[in-house]
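Okay, structure01.cif now, which holds mmCIF, C-alpha atoms:
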data_run
#
loop_
_atom_site.label_atom_id
_atom_site.label_comp_id
_atom_site.auth_asym_id
_atom_site.auth_seq_id
_atom_site.Cartn_x
_atom_site.Cartn_y
_atom_site.Cartn_z
CA MET A 1 42.65 -39.96 -12.60
CA HIS A 2 41.00 -42.68 -14.61
CA THR A 3 42.42 -46.23 -14.36
CA LYS A 4 43.04 -46.44 -18.11
CA THR A 5 45.05 -43.23 -17.98
CA MET A 6 47.29 -44.53 -15.20
CA GLU A 7 47.72 -47.92 -16.84
CA GLY A 8 48.53 -46.34 -20.19
CA LEU A 9 51.08 -43.90 -18.79
CA ILE A 10 52.84 -46.55 -16.71
CA GLY A 11 52.86 -49.06 -19.57
CA ALA A 12 54.21 -46.55 -22.08
CA ARG A 13 56.96 -45.41 -19.72
CA THR A 14 57.96 -48.98 -18.85
CA ASN A 15 58.18 -50.04 -22.51
CA MET A 16 60.20 -46.95 -23.43
CA GLU A 17 62.66 -47.78 -20.63
CA MET A 18 62.79 -51.41 -21.75
CA ILE A 19 63.91 -50.29 -25.21
CA ASN A 20 67.24 -49.29 -23.65
CA THR A 21 68.28 -52.91 -23.06
CA PRO A 22 67.92 -54.18 -26.66
CA PHE A 23 69.44 -50.91 -27.88
CA ARG A 24 72.52 -51.50 -25.72
CA VAL A 25 72.73 -55.07 -27.07
CA PHE A 26 72.42 -53.66 -30.62
CA LYS A 27 75.35 -51.28 -30.02
CA GLU A 28 77.54 -54.13 -28.68
CA ALA A 29 76.62 -56.37 -31.63
CA ARG A 30 77.45 -53.58 -34.08
CA LEU A 31 80.93 -53.27 -32.54
CA LYS A 32 81.38 -57.03 -32.98
CA ASN A 33 79.86 -56.96 -36.50
CA ASP A 34 77.29 -59.60 -35.41
CA THR A 35 74.36 -58.91 -37.74
CA ALA A 36 72.16 -61.73 -36.41
CA MET A 37 72.31 -60.32 -32.89
CA MET A 38 71.70 -56.82 -34.28
CA GLU A 39 68.53 -58.05 -36.08
CA ARG A 40 67.20 -59.76 -32.94
CA ALA A 41 67.86 -56.62 -30.84
CA MET A 42 66.08 -54.49 -33.48
CA GLY A 43 63.11 -56.90 -33.35
CA TYR A 44 62.86 -56.51 -29.57
CA MET A 45 63.16 -52.74 -29.84
CA GLY A 46 60.35 -52.69 -32.41
CA ASP A 47 58.12 -54.82 -30.16
CA PHE A 48 58.71 -52.60 -27.15
CA HIS A 49 58.12 -49.53 -29.30
CA GLU A 50 54.78 -50.90 -30.57
CA ASP A 51 53.71 -51.79 -27.04
CA ALA A 52 54.60 -48.28 -25.86
CA TYR A 53 52.35 -46.76 -28.56
CA GLU A 54 49.50 -49.14 -27.65
CA TYR A 55 49.76 -48.01 -24.05
CA LYS A 56 49.88 -44.38 -25.23
CA GLU A 57 46.57 -44.89 -27.07
CA GLU A 58 45.12 -46.43 -23.92
CA ALA A 59 46.27 -43.41 -21.92
CA ASP A 60 44.65 -41.10 -24.51
CA GLU A 61 41.33 -42.97 -24.14
CA GLY A 62 41.60 -42.70 -20.36
CA MET A 63 42.27 -38.95 -20.59
CA LYS A 64 39.19 -38.53 -22.78
CA LYS A 65 37.11 -40.34 -20.15
CA ASP A 66 38.70 -38.14 -17.46
CA ALA A 67 37.71 -35.05 -19.43
CA GLU A 68 34.13 -36.33 -19.81
CA GLU A 69 33.86 -37.06 -16.09
CA THR A 70 35.31 -33.65 -15.23
CA ARG A 71 32.86 -31.98 -17.62
CA LYS A 72 29.94 -33.86 -16.02
CA ILE A 73 31.07 -32.86 -12.54
CA ALA A 74 31.47 -29.23 -13.62
CA GLU A 75 27.98 -29.31 -15.19
CA LYS A 76 26.49 -30.67 -11.95
CA GLN A 77 28.26 -27.95 -9.97
CA ARG A 78 26.98 -25.26 -12.34
CA GLU A 79 23.43 -26.60 -12.07
CA GLU A 80 23.71 -26.62 -8.28
CA MET A 81 25.02 -23.05 -8.25
CA ILE A 82 22.16 -21.94 -10.51
CA ARG A 83 19.64 -23.68 -8.26
CA ASN A 84 21.17 -22.03 -5.17
CA ARG A 85 21.08 -18.60 -6.82
CA ARG A 86 17.44 -19.09 -7.76
CA GLU A 87 16.60 -20.06 -4.18
CA GLU A 88 18.45 -17.01 -2.83
CA ARG A 89 16.68 -14.75 -5.32
CA GLU A 90 13.29 -16.19 -4.31
CA GLU A 91 14.13 -15.64 -0.63
CA GLN A 92 15.12 -12.04 -1.35
CA GLN A 93 11.89 -11.47 -3.27
CA LYS A 94 9.89 -12.88 -0.37
CA LYS A 95 11.70 -10.57 2.05
CA LEU A 96 11.02 -7.59 -0.21
CA GLU A 97 7.33 -8.51 -0.43
CA GLU A 98 7.17 -8.79 3.37
CA GLU A 99 8.80 -5.36 3.72
CA ARG A 100 6.32 -3.90 1.26
CA LYS A 101 3.46 -5.39 3.24
CA GLU A 102 4.91 -3.90 6.42
CA ASN A 103 5.00 -0.50 4.70
CA LYS A 104 1.31 -1.04 3.87
CA GLY A 105 1.85 -0.51 0.18
CA ASP A 106 3.59 2.85 0.74
CA GLN A 107 6.75 3.72 -1.05
CA PRO A 108 9.86 2.66 0.86
CA VAL A 109 10.99 5.46 3.12
CA ASP A 110 14.57 6.35 3.94
CA THR A 111 15.30 7.88 7.29
CA VAL A 112 17.94 10.42 8.18
CA GLU A 113 19.37 10.80 11.65
CA ILE A 114 20.80 14.15 12.65
CA SER A 115 23.65 14.10 15.12
CA GLU A 116 23.62 16.19 18.28
CA ASP A 117 26.19 18.58 16.77
CA GLY A 118 23.95 18.98 13.74
CA LYS A 119 20.94 19.76 15.92
CA VAL A 120 22.93 22.43 17.77
CA LEU A 121 24.07 24.02 14.49
CA LEU A 122 20.52 23.99 13.18
CA LYS A 123 19.25 25.81 16.28
CA GLU A 124 22.07 28.38 16.09
CA ASN A 125 21.47 29.14 12.41
CA THR A 126 17.68 29.33 12.52
CA GLN A 127 15.70 32.30 13.73
CA THR A 128 13.29 31.24 16.40
CA VAL A 129 9.71 32.38 16.22
CA GLU A 130 7.25 31.30 18.84
CA GLU A 131 4.89 28.86 17.33
CA GLY A 132 1.44 28.58 18.65
CA PRO A 133 -1.96 27.60 17.41
CA GLU A 134 -2.79 31.20 16.49
CA THR A 135 0.54 32.10 14.81
CA ASP A 136 1.19 28.77 13.05
CA GLY A 137 4.94 29.47 12.85
CA VAL A 138 4.52 33.01 11.45
CA ASP A 139 5.81 36.09 13.28
CA SER A 140 2.80 38.35 14.00
CA ASP A 141 4.85 41.55 13.69
CA THR A 142 6.55 40.87 10.34
CA GLY A 143 4.44 38.05 8.94
CA ALA A 144 7.66 36.08 8.21
CA GLN A 145 8.15 32.40 8.86
CA ALA A 146 11.10 30.95 10.74
CA ARG A 147 14.01 30.69 8.29
CA PRO A 148 17.79 30.42 8.36
CA LYS A 149 19.69 33.46 9.61
CA ALA A 150 21.88 33.60 6.55
CA ASP A 151 18.80 33.64 4.29
CA LEU A 152 20.83 32.12 1.44
CA GLU A 153 19.38 30.80 -1.79
CA PRO A 154 20.06 27.14 -2.52
CA VAL A 155 23.06 26.65 -4.81
CA PHE A 156 24.55 23.81 -6.78
CA TYR A 157 28.17 23.19 -7.62
CA SER A 158 29.19 22.32 -11.20
CA SER A 159 31.75 19.67 -12.04
CA THR A 160 34.36 22.44 -12.26
CA GLY A 161 33.53 23.65 -8.74
CA GLU A 162 31.69 26.80 -9.74
CA VAL A 163 28.65 27.89 -7.77
CA ASN A 164 25.41 27.87 -9.76
CA PRO A 165 22.42 29.40 -7.97
CA MET A 166 19.15 27.54 -8.31
CA LYS A 167 17.15 29.76 -10.65
CA ASP A 168 13.79 28.06 -10.83
CA ALA A 169 12.29 25.56 -8.42
CA GLY A 170 10.68 23.77 -11.37
CA GLU A 171 14.01 22.96 -13.06
CA LYS A 172 14.99 19.35 -13.31
CA LEU A 173 18.35 18.45 -11.96
CA ALA A 174 20.46 15.36 -12.63
CA ALA A 175 22.96 14.47 -9.95
CA SER A 176 25.64 11.80 -10.19
CA VAL A 177 27.73 10.48 -7.37
#
Starting from the coordinates I provided, produce the structure as structure tokens.
Amino acid sequence: MHTKTMEGLIGARTNMEMINTPFRVFKEARLKNDTAMMERAMGYMGDFHEDAYEYKEEADEGMKKDAEETRKIAEKQREEMIRNRREEREEQQKKLEEERKENKGDQPVDTVEISEDGKVLLKENTQTVEEGPETDGVDSDTGAQARPKADLEPVFYSSTGEVNPMKDAGEKLAASV
């Protein structure tokens, strides 16, 4: 809190409390019909009232300075946050460039790990054909390649849950998650 604000608030409060004394004297003088004392008490009340408003104006000036200082501090904090974000972004870009260099310019590659249970299921659901250099994964009797036992066509599920078989391999498909 700015010094002017504190001084203004304390001064205004003190003068408003000090008005009570001449006001009490005014009430007593009115009961006694003493107009001279009433006029003096009113003069003191007016002086205290004026002083209270002067202190109020001083408090207002102090609050304006407080607001300016707060605004400056907030601006500095914003600038610091912006600078920190820029530094973080630059660091992230450097890391991405390093990763791209490690990939030797190739497209980033995602890897998939298949669990042991998945490997077992894959072996159970796939026909095994001996692969060798002369067969190249093709059964010599039937000329067929190793494929799933169920021999199912790939299917897609619509948003309603209906099964839609994949009609053409060249179709474009949009998927949302």
Best match for closeness to Thr21 of chain A among A:Met42, A:Gly161, A:Ser115, A:Met63, counting all atoms listed in the file = A:Met42
Between atom CA of Met45 of chain A and atom CA of Val25 of chain A, what is the distance, to one decimal in Å?
-> 10.2 Å
Axis-aligned box for all listed atoms of segment 52-58 of chain A, 6 Å per side, centre and edges in Å to one decimal, as AutoDock Vina command-line options:
--center_x 49.9 --center_y -46.8 --center_z -26.2 --size_x 21.5 --size_y 16.8 --size_z 16.6
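Note that atom CA of Glu54 of chain A and atom CA of Asn15 of chain A are 10.1 Å apart.
Atom CA of Thr14 of chain A is positioned 7.8 Å from atom CA of Ala52 of chain A.
Within the file as shown, the PyMOL selection byres ((chain A and resi 56-62) around 8) identifies His2, Thr3, Lys4, Thr5, Met6, Glu7, Gly8, Leu9, Gly11, Ala12, Ala52, Tyr53, Glu54, Tyr55, Met63, Lys64, Lys65 and Asp66 of chain A.
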